[in-house]
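Visitor: PDB, C-alpha atoms, saved as target-v5.pdb, coming up:
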ATOM      1  CA  MET A  16     -25.482  44.678 -34.623
ATOM      2  CA  LYS A  17     -22.177  45.255 -32.894
ATOM      3  CA  LYS A  18     -23.090  42.640 -30.239
ATOM      4  CA  ILE A  19     -23.817  40.059 -32.936
ATOM      5  CA  LYS A  20     -20.406  40.683 -34.560
ATOM      6  CA  VAL A  21     -18.676  40.277 -31.185
ATOM      7  CA  ILE A  22     -20.599  37.053 -30.424
ATOM      8  CA  LEU A  23     -19.821  35.673 -33.898
ATOM      9  CA  LEU A  24     -16.148  36.601 -33.482
ATOM     10  CA  LEU A  25     -16.066  34.824 -30.095
ATOM     11  CA  ILE A  26     -17.748  31.727 -31.518
ATOM     12  CA  VAL A  27     -15.398  31.557 -34.516
ATOM     13  CA  SER A  28     -12.359  32.112 -32.261
ATOM     14  CA  THR A  29     -13.529  29.375 -29.901
ATOM     15  CA  LEU A  30     -14.036  26.982 -32.804
ATOM     16  CA  ILE A  31     -10.566  27.730 -34.205
ATOM     17  CA  VAL A  32      -8.897  27.254 -30.812
ATOM     18  CA  ASN A  33     -10.897  24.071 -30.203
ATOM     19  CA  GLN A  34      -9.907  22.709 -33.633
ATOM     20  CA  GLU A  35      -6.244  23.462 -32.936
ATOM     21  CA  LEU A  36      -6.399  21.708 -29.542
ATOM     22  CA  GLN A  37      -8.049  18.640 -31.074
ATOM     23  CA  SER A  38      -5.408  18.512 -33.786
ATOM     24  CA  GLN A  39      -2.627  18.664 -31.184
ATOM     25  CA  GLU A  40      -4.332  15.928 -29.122
ATOM     26  CA  GLN A  41      -4.616  13.685 -32.192
ATOM     27  CA  ASN A  42      -0.922  14.174 -32.962
ATOM     28  CA  LYS A  43      -0.007  13.231 -29.385
ATOM     29  CA  SER A  44      -2.257  10.174 -29.603
ATOM     30  CA  ILE A  45      -0.570   9.060 -32.855
ATOM     31  CA  GLU A  46       2.887   9.534 -31.291
ATOM     32  CA  ASN A  47       1.855   7.560 -28.193
ATOM     33  CA  THR A  48       0.475   4.768 -30.380
ATOM     34  CA  LYS A  49       3.778   4.574 -32.236
ATOM     35  CA  GLN A  50       5.651   4.425 -28.919
ATOM     36  CA  ASP A  51       3.276   1.787 -27.522
ATOM     37  CA  THR A  52       3.696  -0.355 -30.653
ATOM     38  CA  SER A  53       7.483  -0.241 -30.365
ATOM     39  CA  ASN A  54       7.193  -1.226 -26.693
ATOM     40  CA  ILE A  55       5.011  -4.190 -27.613
ATOM     41  CA  SER A  56       7.491  -5.599 -30.134
ATOM     42  CA  SER A  57      10.396  -5.273 -27.713
ATOM     43  CA  ALA A  58       8.362  -6.786 -24.856
ATOM     44  CA  LYS A  59       7.215  -9.909 -26.740
ATOM     45  CA  LYS A  60       9.856 -12.083 -25.079
ATOM     46  CA  ALA A  61       8.683 -14.759 -22.675
ATOM     47  CA  LYS A  62       9.610 -14.265 -19.023
ATOM     48  CA  PHE A  63      10.596 -17.207 -16.876
ATOM     49  CA  GLY A  64      10.231 -17.397 -13.128
ATOM     50  CA  CYS A  65      10.602 -19.928 -10.383
ATOM     51  CA  GLY A  66       9.447 -19.949  -6.814
ATOM     52  CA  PHE A  67      11.575 -21.967  -4.437
ATOM     53  CA  GLY A  68      11.197 -22.578  -0.737
ATOM     54  CA  LEU A  69      13.061 -24.685   1.782
ATOM     55  CA  ASN A  70      12.233 -24.795   5.473
ATOM     56  CA  PHE A  71      13.334 -27.078   8.310
ATOM     57  CA  VAL A  72      11.486 -25.394  11.200
ATOM     58  CA  GLY A  73       9.032 -27.890  12.738
ATOM     59  CA  GLY A  74       9.678 -30.399   9.952
ATOM     60  CA  THR A  75      10.752 -30.346   6.332
ATOM     61  CA  ASN A  76       9.096 -28.213   3.663
ATOM     62  CA  LEU A  77      10.306 -28.103   0.046
ATOM     63  CA  ASN A  78       8.510 -26.009  -2.582
ATOM     64  CA  VAL A  79       9.381 -25.577  -6.290
ATOM     65  CA  SER A  80       7.106 -23.703  -8.716
ATOM     66  CA  PRO A  81       8.480 -22.807 -12.180
ATOM     67  CA  ASN A  82       6.385 -20.611 -14.496
ATOM     68  CA  ILE A  83       6.456 -18.853 -17.835
ATOM     69  CA  ILE A  84       4.701 -15.591 -18.770
ATOM     70  CA  PHE A  85       4.050 -14.323 -22.308
ATOM     71  CA  PRO A  86       3.316 -10.616 -22.873
ATOM     72  CA  ILE A  87       0.160 -10.130 -24.939
ATOM     73  CA  THR A  88       0.427  -6.314 -24.946
ATOM     74  CA  ASN A  89       2.713  -3.928 -23.094
ATOM     75  CA  LYS A  90       0.225  -4.020 -20.161
ATOM     76  CA  MET A  91      -1.142  -7.593 -20.198
ATOM     77  CA  SER A  92       0.562 -10.984 -19.854
ATOM     78  CA  LEU A  93      -0.666 -14.563 -19.867
ATOM     79  CA  GLY A  94       1.192 -17.414 -18.213
ATOM     80  CA  ALA A  95       1.217 -20.929 -16.822
ATOM     81  CA  GLY A  96       3.152 -22.783 -14.207
ATOM     82  CA  LEU A  97       3.706 -26.002 -12.304
ATOM     83  CA  GLN A  98       3.751 -26.470  -8.545
ATOM     84  CA  PHE A  99       5.330 -29.073  -6.295
ATOM     85  CA  ASN A 100       5.336 -29.018  -2.507
ATOM     86  CA  TYR A 101       6.515 -31.615   0.000
ATOM     87  CA  LEU A 102       5.813 -31.179   3.706
ATOM     88  CA  SER A 103       6.837 -33.624   6.403
ATOM     89  CA  ILE A 104       6.167 -33.090  10.080
ATOM     90  CA  LYS A 105       8.255 -35.663  11.960
ATOM     91  CA  ASN A 106       6.209 -38.530  13.410
ATOM     92  CA  PHE A 107       2.944 -36.798  12.474
ATOM     93  CA  GLN A 108       2.159 -36.372   8.750
ATOM     94  CA  THR A 109       3.495 -35.977   5.220
ATOM     95  CA  THR A 110       1.781 -34.005   2.481
ATOM     96  CA  THR A 111       2.694 -33.929  -1.197
ATOM     97  CA  THR A 112       1.064 -31.372  -3.500
ATOM     98  CA  ILE A 113       1.420 -31.400  -7.292
ATOM     99  CA  GLY A 114      -0.462 -29.093  -9.643
ATOM    100  CA  ALA A 115      -0.625 -26.418 -12.295
ATOM    101  CA  ASN A 116      -1.815 -22.845 -12.617
ATOM    102  CA  ALA A 117      -2.881 -20.367 -15.298
ATOM    103  CA  LEU A 118      -2.205 -16.678 -14.758
ATOM    104  CA  LEU A 119      -3.404 -13.403 -16.264
ATOM    105  CA  GLN A 120      -1.453 -10.301 -15.230
ATOM    106  CA  TYR A 121      -2.429  -6.699 -15.994
ATOM    107  CA  ASN A 122      -0.223  -3.690 -15.267
ATOM    108  CA  LEU A 123      -2.364  -0.682 -14.382
ATOM    109  CA  SER A 124       0.810   1.448 -14.487
ATOM    110  CA  ASN A 125       4.551   0.911 -14.346
ATOM    111  CA  LYS A 126       4.280   0.403 -10.580
ATOM    112  CA  ILE A 127       0.879  -1.259  -9.987
ATOM    113  CA  MET A 128      -0.085  -4.715 -11.255
ATOM    114  CA  THR A 129      -3.125  -6.956 -10.843
ATOM    115  CA  THR A 130      -3.403 -10.725 -11.226
ATOM    116  CA  LEU A 131      -6.026 -13.353 -11.853
ATOM    117  CA  GLU A 132      -4.804 -16.904 -11.199
ATOM    118  CA  PHE A 133      -6.499 -20.295 -11.438
ATOM    119  CA  VAL A 134      -4.802 -23.156  -9.541
ATOM    120  CA  GLN A 135      -5.578 -26.877  -9.564
ATOM    121  CA  LEU A 136      -3.676 -29.030  -7.049
ATOM    122  CA  ARG A 137      -3.620 -32.755  -6.274
ATOM    123  CA  VAL A 138      -3.022 -33.190  -2.548
ATOM    124  CA  SER A 139      -1.901 -36.438  -0.916
ATOM    125  CA  THR A 140      -1.677 -36.524   2.867
ATOM    126  CA  LYS A 141      -0.570 -39.437   5.041
ATOM    127  CA  ASP A 142      -1.163 -39.388   8.792
ATOM    128  CA  LYS A 143       1.821 -41.179  10.389
ATOM    129  CA  ILE A 144      -0.073 -41.909  13.610
ATOM    130  CA  THR A 145      -3.140 -43.635  12.128
ATOM    131  CA  ASN A 146      -1.650 -44.455   8.682
ATOM    132  CA  ALA A 147      -4.731 -42.825   7.132
ATOM    133  CA  ILE A 148      -4.258 -41.551   3.591
ATOM    134  CA  ASN A 149      -6.283 -38.647   2.238
ATOM    135  CA  ASN A 150      -6.125 -37.727  -1.459
ATOM    136  CA  PHE A 151      -8.120 -34.800  -2.822
ATOM    137  CA  TRP A 152      -8.167 -31.987  -5.386
ATOM    138  CA  ASP A 153      -7.889 -28.376  -4.256
ATOM    139  CA  THR A 154      -9.027 -25.622  -6.632
ATOM    140  CA  ALA A 155      -8.232 -21.968  -6.081
ATOM    141  CA  LEU A 156      -9.141 -18.763  -7.922
ATOM    142  CA  PHE A 157      -6.994 -15.839  -6.833
ATOM    143  CA  PHE A 158      -7.530 -12.115  -7.424
ATOM    144  CA  GLY A 159      -4.448 -10.135  -6.489
ATOM    145  CA  ALA A 160      -2.622  -6.840  -6.672
ATOM    146  CA  GLY A 161       0.945  -5.829  -6.202
ATOM    147  CA  ILE A 162       3.667  -3.281  -6.660
ATOM    148  CA  ASN A 163       6.357  -3.658  -9.311
ATOM    149  CA  ILE A 164       9.534  -3.018  -7.326
ATOM    150  CA  THR A 165      11.629  -3.396 -10.509
ATOM    151  CA  ASN A 166      10.942  -4.756 -14.011
ATOM    152  CA  THR A 167      11.557  -8.270 -12.676
ATOM    153  CA  ILE A 168      10.303  -8.169  -9.062
ATOM    154  CA  ALA A 169       6.721  -7.650  -7.860
ATOM    155  CA  LEU A 170       5.436  -7.769  -4.283
ATOM    156  CA  GLY A 171       1.772  -8.102  -3.310
ATOM    157  CA  ALA A 172      -1.084 -10.250  -2.042
ATOM    158  CA  LYS A 173      -3.792 -12.381  -3.608
ATOM    159  CA  TYR A 174      -7.212 -13.480  -2.344
ATOM    160  CA  ASN A 175      -8.652 -16.968  -2.961
ATOM    161  CA  VAL A 176     -12.368 -16.476  -3.672
ATOM    162  CA  LEU A 177     -12.959 -20.270  -3.562
ATOM    163  CA  TYR A 178     -11.336 -20.734  -0.149
ATOM    164  CA  LYS A 179     -13.088 -23.074   2.293
ATOM    165  CA  GLU A 180     -11.215 -23.613   5.551
ATOM    166  CA  SER A 181     -12.169 -27.286   5.900
ATOM    167  CA  GLN A 182     -11.376 -28.168   2.270
ATOM    168  CA  SER A 183      -8.185 -26.267   1.415
ATOM    169  CA  ILE A 184      -4.478 -26.895   1.523
ATOM    170  CA  TYR A 185      -4.010 -23.148   2.080
ATOM    171  CA  THR A 186      -3.921 -21.835   5.647
ATOM    172  CA  GLY A 187      -6.034 -18.796   4.778
ATOM    173  CA  PRO A 188      -7.728 -16.997   1.851
ATOM    174  CA  ILE A 189      -5.104 -14.230   1.605
ATOM    175  CA  ILE A 190      -1.618 -15.144   0.444
ATOM    176  CA  PRO A 191       1.300 -12.718   0.092
ATOM    177  CA  PHE A 192       3.481 -13.174  -2.987
ATOM    178  CA  VAL A 193       6.820 -12.181  -4.455
ATOM    179  CA  ASN A 194       7.118 -12.649  -8.237
ATOM    180  CA  ILE A 195      10.625 -12.800  -9.678
ATOM    181  CA  THR A 196      11.030 -13.222 -13.410
ATOM    182  CA  PHE A 197      14.030 -13.234 -15.742
TER
END
Would you give me this structure, written as structure tokens?

Guide:
Amino acid sequence: MKKIKVILLLIVSTLIVNQELQSQEQNKSIENTKQDTSNISSAKKAKFGCGFGLNFVGGTNLNVSPNIIFPITNKMSLGAGLQFNYLSIKNFQTTTTIGANALLQYNLSNKIMTTLEFVQLRVSTKDKITNAINNFWDTALFFGAGINITNTIALGAKYNVLYKESQSIYTGPIIPFVNITF
């Protein structure tokens, strides 16, 4: 009989402690939800970015790619952008690339972010030796990851799952990136 009382006392004590822990966990969850909601409302501003490149080594290369990103939640953003690239290799070829992209960005934490990006480019190449003109569409689907250096700068790499060496404007399937937004 004494053993039964001790077992019942242990069970009741365990239930009381468990109930108290669950109550504390629910209170923390409610507080975190309130904090997350306030972060969402303050983060609803669109972020603008622009990639720019200029290179004169081996020819002329000019690249401009403005974009805009809209936060959906405090961890996920959706965006779109335009791309323009002009490449001229003296006495050999010129290539003009114009296109657009759609981007989904997810922050796993404050420091780690992932991206999914769809890119559609119109490529026009002119061979200056043969005067041959080649116009084609290049489609890319990138999966990427990066590190948020600050709130406005991310550094990482993305992988083009649709990459085909003979049919791509890109030199390889893996492309490093630096995202700067303001």

Visitor: Report the distance between CA of Gln120 (chain A) and CA of Leu177 (chain A) in Å, rounded to one decimal place.

Guide: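 Interatomic distance here is 19.2 Å.
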
Visitor: Considering all atoms listed in the file, state which residue in the set A:Thr165, A:Thr110, A:Asn175, A:Asn125 is at the smallest distance from Val138 (chain A).

Guide: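 Ranked by minimum distance to Val138 (chain A), first place goes to A:Thr110.
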
Visitor: Need the shell around Thr145 (chain A): protein/DNA/RNA residues with any atom at most 12 Å away, counting only C-alpha atoms. Skip same-chain ones fewer than 3 positions apart. Format as a list in words?

Guide: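 Listed by chain and then number, they are Asn106, Phe107, Gln108, Thr140, Lys141, Asp142, Ile148 and Asn149 of chain A.
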
Visitor: Tell me, as a PyMOL selection string, which residues lie within 12 Å of Lys179 (chain A), counting all atoms listed in the file; anything in the same chain fewer than 6 positions away does not count.

Guide: chain A and resi 153-156+185-189

Visitor: Name every residue that the PyMOL selection byres ((chain A and resi 65) around 8) selects in this structure, writing the answer as a list in words with chains first and numbers rising.

Guide: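 In the shown coordinates, the PyMOL selection byres ((chain A and resi 65) around 8) covers Phe63, Gly64, Gly66, Phe67, Val79, Ser80, Pro81, Asn82, Ile195 and Thr196 of chain A.
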
Visitor: Quick one: which residues end up in the PyMOL selection byres ((chain A and resi 170) around 10) for this structure, as a ChimeraX atom specification?

Guide: /A:127-128,160-165,168-169,171-172,191-195

Visitor: Name the residues that the PyMOL selection byres ((chain A and resi 152) around 12) picks from the file above, as a PyMOL selection string, using the file's chain letters and numbers.

Guide: chain A and resi 111-115+134-140+149-151+153-155+182-184

Visitor: Show me, as a PyMOL selection string, the residues that have an atom within 9 Å of Gly68 (chain A) when counting all atoms listed in the file, minus same-chain residues fewer than 3 positions from it.

Guide: chain A and resi 76-79+100

Visitor: Tell me which of A:Leu131, A:Leu97, A:Ile104, A:Met91 sits closest to Gly74 (chain A), counting only C-alpha atoms.

Guide: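 The answer is A:Ile104, which sits nearest to Gly74 (chain A).
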
Visitor: Give me, please, the distance in Å between CA of Phe99 (chain A) and CA of Thr129 (chain A), quoted to one decimal.

Guide: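 CA of Thr129 (chain A) lies 24.1 Å from CA of Phe99 (chain A).
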
Visitor: Just the residues within 7 Å of Val176 (chain A), please, counting all atoms listed in the file, with nothing from its chain fewer than 2 positions along; format it as a VMD selection string.

Guide: chain A and resid 156 to 157 174 178

Visitor: Only C-alpha atoms, please: the residues just picked out, written as a PDB file, in the frame of the given file.

Guide:
ATOM      1  CA  LEU A 156      -9.141 -18.763  -7.922  1.00  0.00           C
ATOM      2  CA  PHE A 157      -6.994 -15.839  -6.833  1.00  0.00           C
ATOM      3  CA  TYR A 174      -7.212 -13.480  -2.344  1.00  0.00           C
ATOM      4  CA  TYR A 178     -11.336 -20.734  -0.149  1.00  0.00           C
TER       5      TYR A 178
END

Visitor: Can I get region 158-190 of chain A with N, CA and C atoms filled in, as a CSV table (one decimal), in the coordinates of the input?

Guide:
chain,number,residue,atom,x,y,z
A,158,PHE,N,-7.6,-13.5,-6.9
A,158,PHE,CA,-7.5,-12.1,-7.4
A,158,PHE,C,-6.5,-11.4,-6.6
A,159,GLY,N,-5.5,-10.7,-7.2
A,159,GLY,CA,-4.4,-10.1,-6.5
A,159,GLY,C,-4.0,-8.8,-7.0
A,160,ALA,N,-3.2,-8.1,-6.3
A,160,ALA,CA,-2.6,-6.8,-6.7
A,160,ALA,C,-1.3,-6.7,-6.0
A,161,GLY,N,-0.4,-6.0,-6.7
A,161,GLY,CA,0.9,-5.8,-6.2
A,161,GLY,C,1.6,-4.6,-6.7
A,162,ILE,N,2.8,-4.4,-6.3
A,162,ILE,CA,3.7,-3.3,-6.7
A,162,ILE,C,4.9,-3.8,-7.4
A,163,ASN,N,5.2,-3.3,-8.6
A,163,ASN,CA,6.4,-3.7,-9.3
A,163,ASN,C,7.5,-2.9,-8.7
A,164,ILE,N,8.4,-3.6,-7.9
A,164,ILE,CA,9.5,-3.0,-7.3
A,164,ILE,C,10.5,-2.7,-8.4
A,165,THR,N,10.8,-3.6,-9.3
A,165,THR,CA,11.6,-3.4,-10.5
A,165,THR,C,10.9,-4.0,-11.7
A,166,ASN,N,11.6,-4.1,-12.9
A,166,ASN,CA,10.9,-4.8,-14.0
A,166,ASN,C,10.8,-6.3,-13.8
A,167,THR,N,11.6,-6.8,-12.9
A,167,THR,CA,11.6,-8.3,-12.7
A,167,THR,C,11.0,-8.7,-11.3
A,168,ILE,N,10.8,-7.8,-10.4
A,168,ILE,CA,10.3,-8.2,-9.1
A,168,ILE,C,9.0,-7.4,-8.7
A,169,ALA,N,8.0,-8.2,-8.3
A,169,ALA,CA,6.7,-7.6,-7.9
A,169,ALA,C,6.4,-8.2,-6.5
A,170,LEU,N,5.8,-7.4,-5.6
A,170,LEU,CA,5.4,-7.8,-4.3
A,170,LEU,C,4.0,-7.4,-4.1
A,171,GLY,N,3.2,-8.4,-3.5
A,171,GLY,CA,1.8,-8.1,-3.3
A,171,GLY,C,1.1,-9.2,-2.5
A,172,ALA,N,-0.3,-9.2,-2.7
A,172,ALA,CA,-1.1,-10.2,-2.0
A,172,ALA,C,-2.2,-10.6,-3.0
A,173,LYS,N,-2.7,-11.9,-2.8
A,173,LYS,CA,-3.8,-12.4,-3.6
A,173,LYS,C,-4.8,-13.0,-2.7
A,174,TYR,N,-6.1,-13.0,-3.1
A,174,TYR,CA,-7.2,-13.5,-2.3
A,174,TYR,C,-7.9,-14.6,-3.1
A,175,ASN,N,-8.0,-15.8,-2.4
A,175,ASN,CA,-8.7,-17.0,-3.0
A,175,ASN,C,-10.2,-16.9,-2.7
A,176,VAL,N,-10.9,-16.6,-3.8
A,176,VAL,CA,-12.4,-16.5,-3.7
A,176,VAL,C,-13.1,-17.8,-3.5
A,177,LEU,N,-12.4,-18.9,-3.7
A,177,LEU,CA,-13.0,-20.3,-3.6
A,177,LEU,C,-12.5,-20.9,-2.2
A,178,TYR,N,-11.9,-20.2,-1.4
A,178,TYR,CA,-11.3,-20.7,-0.1
A,178,TYR,C,-12.4,-21.2,0.8
A,179,LYS,N,-12.2,-22.5,1.2
A,179,LYS,CA,-13.1,-23.1,2.3
A,179,LYS,C,-12.1,-23.7,3.3
A,180,GLU,N,-12.2,-23.2,4.5
A,180,GLU,CA,-11.2,-23.6,5.6
A,180,GLU,C,-11.1,-25.1,5.7
A,181,SER,N,-12.2,-25.8,5.7
A,181,SER,CA,-12.2,-27.3,5.9
A,181,SER,C,-11.7,-28.1,4.7
A,182,GLN,N,-11.7,-27.4,3.5
A,182,GLN,CA,-11.4,-28.2,2.3
A,182,GLN,C,-10.2,-27.6,1.5
A,183,SER,N,-9.3,-26.9,2.1
A,183,SER,CA,-8.2,-26.3,1.4
A,183,SER,C,-6.8,-26.6,2.0
A,184,ILE,N,-5.9,-26.7,1.1
A,184,ILE,CA,-4.5,-26.9,1.5
A,184,ILE,C,-3.9,-25.6,2.1
A,185,TYR,N,-4.5,-24.5,1.7
A,185,TYR,CA,-4.0,-23.1,2.1
A,185,TYR,C,-4.5,-22.9,3.5
A,186,THR,N,-3.6,-22.1,4.2
A,186,THR,CA,-3.9,-21.8,5.6
A,186,THR,C,-4.9,-20.7,5.8
A,187,GLY,N,-5.1,-19.9,4.7
A,187,GLY,CA,-6.0,-18.8,4.8
A,187,GLY,C,-6.3,-18.3,3.4
A,188,PRO,N,-7.4,-17.5,3.2
A,188,PRO,CA,-7.7,-17.0,1.9
A,188,PRO,C,-6.8,-16.0,1.3
A,189,ILE,N,-6.0,-15.3,2.1
A,189,ILE,CA,-5.1,-14.2,1.6
A,189,ILE,C,-3.7,-14.8,1.7
A,190,ILE,N,-3.0,-14.6,0.5
A,190,ILE,CA,-1.6,-15.1,0.4
A,190,ILE,C,-0.7,-14.0,-0.1
